[in-house]
$ cat protein-v4.txt   # compact mmCIF, C-alpha atoms
# COMPACT_ATOMS: atom_id res chain seq x y z
CA ASP W 1 33.98 -41.91 -0.32
CA ASP W 2 34.11 -38.27 0.79
CA ASN W 3 31.93 -36.74 3.49
CA TRP W 4 31.68 -32.98 4.00
CA GLY W 5 29.50 -31.24 6.59
CA ALA W 6 28.95 -27.94 8.39
CA PHE W 7 27.19 -26.35 11.32
CA LEU W 8 25.74 -22.91 10.50
CA ASP W 9 24.38 -20.03 12.54
CA THR W 10 20.77 -19.83 11.32
CA ALA W 11 20.55 -16.05 11.89
CA THR W 12 23.64 -15.04 9.89
CA LEU W 13 24.14 -18.22 7.81
CA SER W 14 27.80 -18.08 8.84
CA THR W 15 29.65 -21.35 9.27
CA GLN W 16 30.56 -22.14 12.87
CA LYS W 17 32.27 -25.48 12.28
CA SER W 18 32.93 -27.63 9.22
CA TYR W 19 34.49 -30.99 8.58
CA ARG W 20 35.86 -33.03 5.71
CA ARG W 21 36.38 -36.79 5.73
CA ILE W 22 38.16 -37.61 2.48
CA ARG W 23 38.74 -41.18 1.30
CA GLU W 24 40.17 -41.33 -2.22
CA GLY W 25 42.14 -44.51 -2.80
CA ARG W 26 45.10 -44.50 -0.42
CA TYR W 27 44.72 -40.77 0.27
CA GLN W 28 42.87 -39.99 3.52
CA LEU W 29 42.18 -36.71 5.28
CA ASP W 30 40.08 -35.96 8.35
CA GLU W 31 39.88 -32.23 8.95
CA GLN W 32 37.79 -29.99 11.20
CA THR W 33 37.62 -26.22 10.97
CA VAL W 34 36.23 -24.00 13.74
CA PHE W 35 35.25 -20.48 12.63
CA ASP W 36 35.65 -17.65 15.16
CA HIS W 37 34.01 -14.74 13.36
CA GLY W 38 34.56 -12.41 16.32
CA SER W 39 38.33 -12.69 16.04
CA GLY W 40 38.35 -13.25 12.27
CA LEU W 41 40.11 -16.61 12.55
CA ALA W 42 39.52 -20.18 11.45
CA THR W 43 41.31 -22.96 13.32
CA VAL W 44 41.97 -26.04 11.24
CA SER W 45 42.65 -29.38 12.95
CA VAL W 46 43.86 -32.46 11.10
CA ARG W 47 43.43 -35.97 12.48
CA ASP W 48 46.60 -37.98 12.99
CA ARG W 49 46.08 -41.35 11.25
CA LYS W 50 48.13 -43.25 13.85
CA THR W 51 46.68 -41.83 17.08
CA GLY W 52 43.22 -40.83 15.84
CA ASN W 53 43.55 -37.47 17.61
CA TYR W 54 42.98 -34.06 16.05
CA ASN W 55 46.25 -32.58 17.23
CA THR W 56 47.60 -30.61 14.29
CA LYS W 57 46.02 -27.15 14.68
CA LYS W 58 46.69 -24.01 12.68
CA SER W 59 44.81 -20.71 12.69
CA PHE W 60 44.21 -18.57 9.62
CA LYS W 61 42.68 -15.15 9.06
CA ILE W 62 39.25 -15.26 7.42
CA PRO W 63 37.11 -12.62 5.71
CA ALA W 64 34.03 -11.34 7.57
CA LEU W 65 31.20 -13.92 7.68
CA ALA W 66 33.26 -16.47 5.75
CA THR W 67 31.55 -19.74 5.03
CA ASP W 68 32.75 -23.17 4.02
CA LEU W 69 31.74 -25.00 0.84
CA ILE W 70 28.54 -26.49 2.33
CA GLY W 71 27.54 -23.13 3.82
CA GLY W 72 28.06 -21.59 0.39
CA PHE W 73 25.36 -23.84 -1.03
CA VAL W 74 23.03 -22.79 1.78
CA HIS W 75 23.64 -19.14 0.84
CA LEU W 76 22.50 -19.91 -2.70
CA ARG W 77 19.09 -20.98 -1.36
CA PHE W 78 18.44 -17.38 -0.25
CA ILE W 79 19.23 -15.68 -3.55
CA ASP W 80 16.33 -14.12 -5.43
CA PHE W 81 17.12 -15.53 -8.87
CA ALA W 82 14.17 -13.62 -10.38
CA LYS W 83 16.28 -10.45 -10.05
CA LEU W 84 19.19 -11.94 -12.01
CA LYS W 85 19.79 -12.09 -15.72
CA LYS W 86 22.32 -14.19 -17.60
CA GLY W 87 25.82 -12.77 -17.05
CA ASP W 88 25.10 -11.24 -13.62
CA SER W 89 27.35 -12.26 -10.76
CA ILE W 90 26.88 -13.20 -7.11
CA SER W 91 29.59 -12.98 -4.42
CA ILE W 92 30.21 -15.35 -1.53
CA THR W 93 32.95 -15.00 1.06
CA GLY W 94 34.56 -18.29 2.03
CA PHE W 95 37.40 -20.25 3.56
CA LEU W 96 38.88 -23.62 2.54
CA GLU W 97 41.97 -25.46 3.86
CA ASP W 98 44.22 -22.48 4.61
CA SER W 99 42.85 -19.55 2.60
CA GLY W 100 40.04 -17.05 2.74
CA TYR W 101 38.53 -15.96 -0.54
CA HIS W 102 35.84 -13.85 -2.18
CA LEU W 103 34.18 -16.11 -4.72
CA ARG W 104 32.39 -14.56 -7.66
CA ILE W 105 29.70 -16.75 -9.19
CA LEU W 106 28.42 -16.12 -12.70
CA TYR W 107 24.68 -16.60 -13.26
CA ASP W 108 24.45 -18.53 -16.55
CA GLY W 109 20.66 -18.52 -16.95
CA LEU W 110 18.12 -21.34 -16.97
CA GLN W 111 18.44 -24.89 -18.24
CA THR W 112 16.28 -28.00 -17.90
CA ILE W 113 18.49 -31.02 -17.27
CA GLN W 114 17.82 -34.73 -17.40
CA THR W 115 18.50 -36.44 -14.04
CA PHE W 116 17.84 -39.82 -12.43
CA LEU W 117 14.61 -38.25 -11.13
CA GLY W 118 13.44 -36.85 -14.48
CA LYS W 119 13.79 -33.46 -16.17
CA VAL W 120 14.40 -30.67 -13.65
CA PRO W 121 14.36 -26.94 -14.52
CA CYS W 122 17.45 -25.33 -12.99
CA HIS W 123 19.38 -22.12 -12.51
CA VAL W 124 22.93 -22.55 -13.82
CA LEU W 125 25.84 -21.12 -11.83
CA VAL W 126 29.53 -21.01 -12.72
CA PRO W 127 31.84 -20.17 -9.81
CA ARG W 128 34.94 -18.24 -10.91
CA MET W 129 37.56 -20.42 -9.28
CA PRO W 130 40.71 -18.80 -7.92
CA GLU W 131 44.06 -20.35 -8.85
CA ASN W 132 44.30 -23.65 -6.96
CA LYS W 133 45.87 -27.10 -7.06
CA LEU W 134 42.68 -29.08 -7.64
CA PHE W 135 40.41 -27.50 -10.26
CA GLU W 136 41.39 -26.81 -13.85
CA GLY W 137 40.85 -23.17 -14.77
CA GLU W 138 38.57 -20.35 -13.75
CA ASN W 139 35.35 -21.91 -15.15
CA SER W 140 36.02 -25.48 -14.03
CA ILE W 141 32.82 -25.94 -11.99
CA LYS W 142 29.20 -25.75 -13.10
CA VAL W 143 26.29 -26.02 -10.63
CA TRP W 144 22.60 -26.59 -11.40
CA ILE W 145 20.21 -25.35 -8.65
CA SER W 146 16.54 -26.36 -8.84
CA GLN W 147 14.30 -23.60 -10.20
CA ASP W 148 11.70 -23.95 -7.46
CA GLN W 149 11.28 -22.85 -3.85
CA ASN W 150 13.75 -25.51 -2.64
CA LYS W 151 16.72 -24.16 -4.61
CA ILE W 152 18.68 -27.36 -3.98
CA PRO W 153 21.80 -28.49 -5.84
CA VAL W 154 20.63 -30.94 -8.53
CA LYS W 155 23.92 -31.45 -10.33
CA ILE W 156 27.53 -30.34 -10.04
CA HIS W 157 30.23 -30.94 -12.63
CA ALA W 158 33.91 -30.15 -12.05
CA ARG W 159 36.96 -30.37 -14.30
CA MET W 160 40.02 -31.21 -12.27
CA PHE W 161 43.70 -31.61 -13.10
CA ILE W 162 43.34 -35.40 -12.87
CA GLY W 163 40.11 -35.63 -14.89
CA SER W 164 36.56 -34.65 -14.07
CA THR W 165 33.96 -35.52 -11.49
CA GLY W 166 30.33 -34.85 -10.87
CA ILE W 167 27.49 -35.15 -8.43
CA GLU W 168 23.83 -35.65 -9.29
CA LEU W 169 20.82 -35.68 -7.01
CA SER W 170 19.44 -39.22 -6.97
CA GLY W 171 16.83 -38.89 -4.25
CA PHE W 172 15.40 -36.59 -1.63
CA ARG W 173 13.04 -36.50 1.33
CA ASN W 174 11.39 -33.98 3.62
CA LEU W 175 11.54 -31.05 1.20
CA LYS W 176 9.34 -28.14 2.22
CA SER W 177 8.07 -27.80 -1.37
CA SER W 178 7.75 -30.37 -4.16
CA LEU W 179 10.74 -30.70 -6.44
CA ARG W 180 9.66 -29.44 -9.87
CA ILE W 181 9.99 -32.23 -12.45
CA VAL W 182 8.70 -31.56 -15.97
CA PRO W 183 7.66 -33.93 -18.77

$ encode --input "protein-v4.txt" --output "structure tokens"
Amino acid sequence: DDNWGAFLDTATLSTQKSYRRIREGRYQLDEQTVFDHGSGLATVSVRDRKTGNYNTKKSFKIPALATDLIGGFVHLRFIDFAKLKKGDSISITGFLEDSGYHLRILYDGLQTIQTFLGKVPCHVLVPRMPENKLFEGENSIKVWISQDQNKIPVKIHARMFIGSTGIELSGFRNLKSSLRIVP
């Protein structure tokens, strides 16, 4: 029962604040990150489970215009996929937990996938994951973004050290354009 969110500057698409509320069995984490792009720092606060206060704060250097995971998906909505061919790469600058990174994302072409909503034509992206404690290998995540004006995440699959997990769009509302579903 995880909940991730972010507040973005609409002019630069840079993350201003992000949060994670992780509930996985007995493991719990409530974390907030405030991005100060002027000083190049992100301040991470962790909620104390006993007091309920966010009192553990640490600051980390971040790359220019770093974004969080949610902000990274927003960046993908502004990519002109028509200019990409299979094998091209996209770069996103980010920050997660305690590290800044430059994430390279491989464009893996087009694929129509079956979802709860029907068959959806998608752009396929494979982020090149840096060495980490959670995901298994460089190509451990695959993301399907709708091949329409919405460019929304339709499906995500991740191989992790403890198994695999995935997310699939099961509903939507208030889209500016119709989600493209094919027979």

$ axis_aligned_box --input "protein-v4.txt" --around "segment 170-181 of chain W" --padding-each-side "8 Å" --output "AutoDock Vina command-line options"
--center_x 13.6 --center_y -33.5 --center_z -4.4 --size_x 27.7 --size_y 27.4 --size_z 32.1

$ closest_residue --input "protein-v4.txt" --among "W:Gln32, W:Tyr54, W:Lys151, W:Gln114" --to "Glu168 of chain W" --atoms "all atoms listed in the file"
W:Gln114

$ atom_distance --input "protein-v4.txt" --atom1 "atom CA of Thr15 of chain W" --atom2 "atom CA of Phe73 of chain W"
11.4 Å

$ atom_distance --input "protein-v4.txt" --atom1 "atom CA of Phe116 of chain W" --atom2 "atom CA of Thr165 of chain W"
16.7 Å

$ closest_residue --input "protein-v4.txt" --among "W:Gly171, W:Gly109, W:Pro127, W:Gly118" --to "Ser91 of chain W" --atoms "only C-alpha atoms"
W:Pro127

$ atom_distance --input "protein-v4.txt" --atom1 "atom CA of Ile167 of chain W" --atom2 "atom CA of Ile90 of chain W"
22.0 Å

$ closest_atom_pairs --input "protein-v4.txt" --of "segment 109-180 of chain W" --to "segment 74-87 of chain W" --cutoff "10 Å" --atoms "all atoms listed in the file" --output "tab-separated table"
residue	atom	partner	partner_atom	distance
W:Gly109	CA	W:Lys86	CA	4.7
W:Leu110	CA	W:Lys86	CA	8.3
W:His123	CA	W:Phe81	CA	7.9
W:Val124	CA	W:Lys86	CA	9.2
W:Leu125	CA	W:Lys86	CA	9.7
W:Ile145	CA	W:Leu76	CA	8.4
W:Ser146	CA	W:Arg77	CA	9.6
W:Gln147	CA	W:Phe81	CA	8.7
W:Gln149	CA	W:Arg77	CA	8.4
W:Asn150	CA	W:Arg77	CA	7.1
W:Lys151	CA	W:Arg77	CA	5.1
W:Ile152	CA	W:Arg77	CA	6.9
W:Pro153	CA	W:Arg77	CA	9.2

$ closest_residue --input "protein-v4.txt" --among "W:Gly71, W:Gly38, W:Gly52, W:Gly100" --to "Ser14 of chain W" --atoms "all atoms listed in the file"
W:Gly71

$ closest_residue --input "protein-v4.txt" --among "W:Leu96, W:Leu117, W:Leu106, W:Ile22" --to "Ile141 of chain W" --atoms "all atoms listed in the file"
W:Leu106

$ closest_residue --input "protein-v4.txt" --among "W:Ile92, W:Leu103, W:Val143, W:Leu8" --to "Gly166 of chain W" --atoms "only C-alpha atoms"
W:Val143

$ residues_around --input "protein-v4.txt" --residues "Gly94 of chain W" --least-positions-apart "5" --cutoff "7 Å" --atoms "all atoms listed in the file" --output "count of residues only"
6

$ closest_residue --input "protein-v4.txt" --among "W:Leu179, W:Lys58, W:Arg21, W:Gln111" --to "Ser99 of chain W" --atoms "all atoms listed in the file"
W:Lys58

$ residues_near_point --input "protein-v4.txt" --point "(38.6, -34.0, 4.0)" --cutoff "12 Å" --atoms "only C-alpha atoms" --output "PyMOL selection string"
chain W and resi 1-5+18-24+27-33+44-47+69+96-97

$ write_last_selection --input "protein-v4.txt" --atoms "C-alpha atoms" --output "PDB file, in the coordinates of the input"
ATOM      1  CA  ASP W   1      33.980 -41.910  -0.320  1.00  0.00           C
ATOM      2  CA  ASP W   2      34.110 -38.270   0.790  1.00  0.00           C
ATOM      3  CA  ASN W   3      31.930 -36.740   3.490  1.00  0.00           C
ATOM      4  CA  TRP W   4      31.680 -32.980   4.000  1.00  0.00           C
ATOM      5  CA  GLY W   5      29.500 -31.240   6.590  1.00  0.00           C
ATOM      6  CA  SER W  18      32.930 -27.630   9.220  1.00  0.00           C
ATOM      7  CA  TYR W  19      34.490 -30.990   8.580  1.00  0.00           C
ATOM      8  CA  ARG W  20      35.860 -33.030   5.710  1.00  0.00           C
ATOM      9  CA  ARG W  21      36.380 -36.790   5.730  1.00  0.00           C
ATOM     10  CA  ILE W  22      38.160 -37.610   2.480  1.00  0.00           C
ATOM     11  CA  ARG W  23      38.740 -41.180   1.300  1.00  0.00           C
ATOM     12  CA  GLU W  24      40.170 -41.330  -2.220  1.00  0.00           C
ATOM     13  CA  TYR W  27      44.720 -40.770   0.270  1.00  0.00           C
ATOM     14  CA  GLN W  28      42.870 -39.990   3.520  1.00  0.00           C
ATOM     15  CA  LEU W  29      42.180 -36.710   5.280  1.00  0.00           C
ATOM     16  CA  ASP W  30      40.080 -35.960   8.350  1.00  0.00           C
ATOM     17  CA  GLU W  31      39.880 -32.230   8.950  1.00  0.00           C
ATOM     18  CA  GLN W  32      37.790 -29.990  11.200  1.00  0.00           C
ATOM     19  CA  THR W  33      37.620 -26.220  10.970  1.00  0.00           C
ATOM     20  CA  VAL W  44      41.970 -26.040  11.240  1.00  0.00           C
ATOM     21  CA  SER W  45      42.650 -29.380  12.950  1.00  0.00           C
ATOM     22  CA  VAL W  46      43.860 -32.460  11.100  1.00  0.00           C
ATOM     23  CA  ARG W  47      43.430 -35.970  12.480  1.00  0.00           C
ATOM     24  CA  LEU W  69      31.740 -25.000   0.840  1.00  0.00           C
ATOM     25  CA  LEU W  96      38.880 -23.620   2.540  1.00  0.00           C
ATOM     26  CA  GLU W  97      41.970 -25.460   3.860  1.00  0.00           C
TER      27      GLU W  97
END

$ residues_near_point --input "protein-v4.txt" --point "(35.2, -18.6, 12.3)" --cutoff "9 Å" --atoms "only C-alpha atoms" --output "list in words"
Ser14, Thr15, Gln16, Lys17, Thr33, Val34, Phe35, Asp36, His37, Gly38, Ser39, Gly40, Leu41, Ala42, Thr43, Lys61, Ile62, Ala64, Leu65, Ala66 and Thr67 of chain W

$ build_atoms --input "protein-v4.txt" --residues "segment 75-107 of chain W" --atoms "N, CA and C atoms" --output "PDB file, in the coordinates of the input"
ATOM      1  N   HIS W  75      23.803 -20.539   1.256  1.00  0.00           N
ATOM      2  CA  HIS W  75      23.640 -19.140   0.840  1.00  0.00           C
ATOM      3  C   HIS W  75      22.880 -19.033  -0.472  1.00  0.00           C
ATOM      4  N   LEU W  76      23.152 -19.946  -1.389  1.00  0.00           N
ATOM      5  CA  LEU W  76      22.500 -19.910  -2.700  1.00  0.00           C
ATOM      6  C   LEU W  76      20.986 -20.087  -2.584  1.00  0.00           C
ATOM      7  N   ARG W  77      20.530 -20.747  -1.534  1.00  0.00           N
ATOM      8  CA  ARG W  77      19.090 -20.980  -1.360  1.00  0.00           C
ATOM      9  C   ARG W  77      18.351 -19.685  -1.013  1.00  0.00           C
ATOM     10  N   PHE W  78      19.067 -18.639  -0.634  1.00  0.00           N
ATOM     11  CA  PHE W  78      18.440 -17.380  -0.250  1.00  0.00           C
ATOM     12  C   PHE W  78      18.566 -16.294  -1.299  1.00  0.00           C
ATOM     13  N   ILE W  79      19.075 -16.648  -2.458  1.00  0.00           N
ATOM     14  CA  ILE W  79      19.230 -15.680  -3.550  1.00  0.00           C
ATOM     15  C   ILE W  79      17.903 -15.572  -4.305  1.00  0.00           C
ATOM     16  N   ASP W  80      17.521 -14.346  -4.623  1.00  0.00           N
ATOM     17  CA  ASP W  80      16.330 -14.120  -5.430  1.00  0.00           C
ATOM     18  C   ASP W  80      16.740 -14.161  -6.901  1.00  0.00           C
ATOM     19  N   PHE W  81      16.677 -15.348  -7.488  1.00  0.00           N
ATOM     20  CA  PHE W  81      17.120 -15.530  -8.870  1.00  0.00           C
ATOM     21  C   PHE W  81      16.257 -14.742  -9.861  1.00  0.00           C
ATOM     22  N   ALA W  82      15.043 -14.380  -9.484  1.00  0.00           N
ATOM     23  CA  ALA W  82      14.170 -13.620 -10.380  1.00  0.00           C
ATOM     24  C   ALA W  82      14.776 -12.245 -10.702  1.00  0.00           C
ATOM     25  N   LYS W  83      15.644 -11.754  -9.836  1.00  0.00           N
ATOM     26  CA  LYS W  83      16.280 -10.450 -10.050  1.00  0.00           C
ATOM     27  C   LYS W  83      17.549 -10.540 -10.890  1.00  0.00           C
ATOM     28  N   LEU W  84      17.957 -11.766 -11.251  1.00  0.00           N
ATOM     29  CA  LEU W  84      19.190 -11.940 -12.010  1.00  0.00           C
ATOM     30  C   LEU W  84      18.919 -12.205 -13.476  1.00  0.00           C
ATOM     31  N   LYS W  85      19.843 -11.745 -14.299  1.00  0.00           N
ATOM     32  CA  LYS W  85      19.790 -12.090 -15.720  1.00  0.00           C
ATOM     33  C   LYS W  85      21.124 -12.735 -16.085  1.00  0.00           C
ATOM     34  N   LYS W  86      21.119 -13.481 -17.168  1.00  0.00           N
ATOM     35  CA  LYS W  86      22.320 -14.190 -17.600  1.00  0.00           C
ATOM     36  C   LYS W  86      23.497 -13.222 -17.687  1.00  0.00           C
ATOM     37  N   GLY W  87      24.619 -13.612 -17.054  1.00  0.00           N
ATOM     38  CA  GLY W  87      25.820 -12.770 -17.050  1.00  0.00           C
ATOM     39  C   GLY W  87      26.016 -12.009 -15.755  1.00  0.00           C
ATOM     40  N   ASP W  88      24.954 -11.889 -14.925  1.00  0.00           N
ATOM     41  CA  ASP W  88      25.100 -11.240 -13.620  1.00  0.00           C
ATOM     42  C   ASP W  88      25.984 -12.107 -12.722  1.00  0.00           C
ATOM     43  N   SER W  89      26.531 -11.477 -11.674  1.00  0.00           N
ATOM     44  CA  SER W  89      27.350 -12.260 -10.760  1.00  0.00           C
ATOM     45  C   SER W  89      26.889 -12.097  -9.315  1.00  0.00           C
ATOM     46  N   ILE W  90      27.201 -13.108  -8.523  1.00  0.00           N
ATOM     47  CA  ILE W  90      26.880 -13.200  -7.110  1.00  0.00           C
ATOM     48  C   ILE W  90      28.211 -13.361  -6.387  1.00  0.00           C
ATOM     49  N   SER W  91      28.343 -12.817  -5.186  1.00  0.00           N
ATOM     50  CA  SER W  91      29.590 -12.980  -4.420  1.00  0.00           C
ATOM     51  C   SER W  91      29.325 -13.725  -3.123  1.00  0.00           C
ATOM     52  N   ILE W  92      30.242 -14.622  -2.796  1.00  0.00           N
ATOM     53  CA  ILE W  92      30.210 -15.350  -1.530  1.00  0.00           C
ATOM     54  C   ILE W  92      31.609 -15.294  -0.941  1.00  0.00           C
ATOM     55  N   THR W  93      31.682 -15.037   0.361  1.00  0.00           N
ATOM     56  CA  THR W  93      32.950 -15.000   1.060  1.00  0.00           C
ATOM     57  C   THR W  93      33.175 -16.357   1.710  1.00  0.00           C
ATOM     58  N   GLY W  94      34.348 -16.940   1.524  1.00  0.00           N
ATOM     59  CA  GLY W  94      34.560 -18.290   2.030  1.00  0.00           C
ATOM     60  C   GLY W  94      35.954 -18.539   2.562  1.00  0.00           C
ATOM     61  N   PHE W  95      36.119 -19.770   3.051  1.00  0.00           N
ATOM     62  CA  PHE W  95      37.400 -20.250   3.560  1.00  0.00           C
ATOM     63  C   PHE W  95      37.493 -21.749   3.274  1.00  0.00           C
ATOM     64  N   LEU W  96      38.647 -22.201   2.773  1.00  0.00           N
ATOM     65  CA  LEU W  96      38.880 -23.620   2.540  1.00  0.00           C
ATOM     66  C   LEU W  96      40.359 -23.914   2.770  1.00  0.00           C
ATOM     67  N   GLU W  97      40.639 -24.948   3.539  1.00  0.00           N
ATOM     68  CA  GLU W  97      41.970 -25.460   3.860  1.00  0.00           C
ATOM     69  C   GLU W  97      42.822 -24.456   4.625  1.00  0.00           C
ATOM     70  N   ASP W  98      43.337 -23.445   3.946  1.00  0.00           N
ATOM     71  CA  ASP W  98      44.220 -22.480   4.610  1.00  0.00           C
ATOM     72  C   ASP W  98      44.051 -21.067   4.060  1.00  0.00           C
ATOM     73  N   SER W  99      42.993 -20.844   3.268  1.00  0.00           N
ATOM     74  CA  SER W  99      42.850 -19.550   2.600  1.00  0.00           C
ATOM     75  C   SER W  99      41.422 -19.029   2.622  1.00  0.00           C
ATOM     76  N   GLY W 100      41.312 -17.743   2.889  1.00  0.00           N
ATOM     77  CA  GLY W 100      40.040 -17.050   2.740  1.00  0.00           C
ATOM     78  C   GLY W 100      39.923 -16.564   1.316  1.00  0.00           C
ATOM     79  N   TYR W 101      38.706 -16.403   0.837  1.00  0.00           N
ATOM     80  CA  TYR W 101      38.530 -15.960  -0.540  1.00  0.00           C
ATOM     81  C   TYR W 101      37.180 -15.257  -0.693  1.00  0.00           C
ATOM     82  N   HIS W 102      37.092 -14.474  -1.757  1.00  0.00           N
ATOM     83  CA  HIS W 102      35.840 -13.850  -2.180  1.00  0.00           C
ATOM     84  C   HIS W 102      35.519 -14.503  -3.526  1.00  0.00           C
ATOM     85  N   LEU W 103      34.512 -15.351  -3.530  1.00  0.00           N
ATOM     86  CA  LEU W 103      34.180 -16.110  -4.720  1.00  0.00           C
ATOM     87  C   LEU W 103      33.091 -15.399  -5.509  1.00  0.00           C
ATOM     88  N   ARG W 104      33.378 -15.139  -6.757  1.00  0.00           N
ATOM     89  CA  ARG W 104      32.390 -14.560  -7.660  1.00  0.00           C
ATOM     90  C   ARG W 104      31.756 -15.692  -8.450  1.00  0.00           C
ATOM     91  N   ILE W 105      30.440 -15.699  -8.507  1.00  0.00           N
ATOM     92  CA  ILE W 105      29.700 -16.750  -9.190  1.00  0.00           C
ATOM     93  C   ILE W 105      28.908 -16.127 -10.319  1.00  0.00           C
ATOM     94  N   LEU W 106      29.123 -16.604 -11.522  1.00  0.00           N
ATOM     95  CA  LEU W 106      28.420 -16.120 -12.700  1.00  0.00           C
ATOM     96  C   LEU W 106      27.073 -16.817 -12.816  1.00  0.00           C
ATOM     97  N   TYR W 107      25.998 -16.027 -13.007  1.00  0.00           N
ATOM     98  CA  TYR W 107      24.680 -16.600 -13.260  1.00  0.00           C
ATOM     99  C   TYR W 107      24.597 -16.855 -14.755  1.00  0.00           C
TER     100      TYR W 107
END
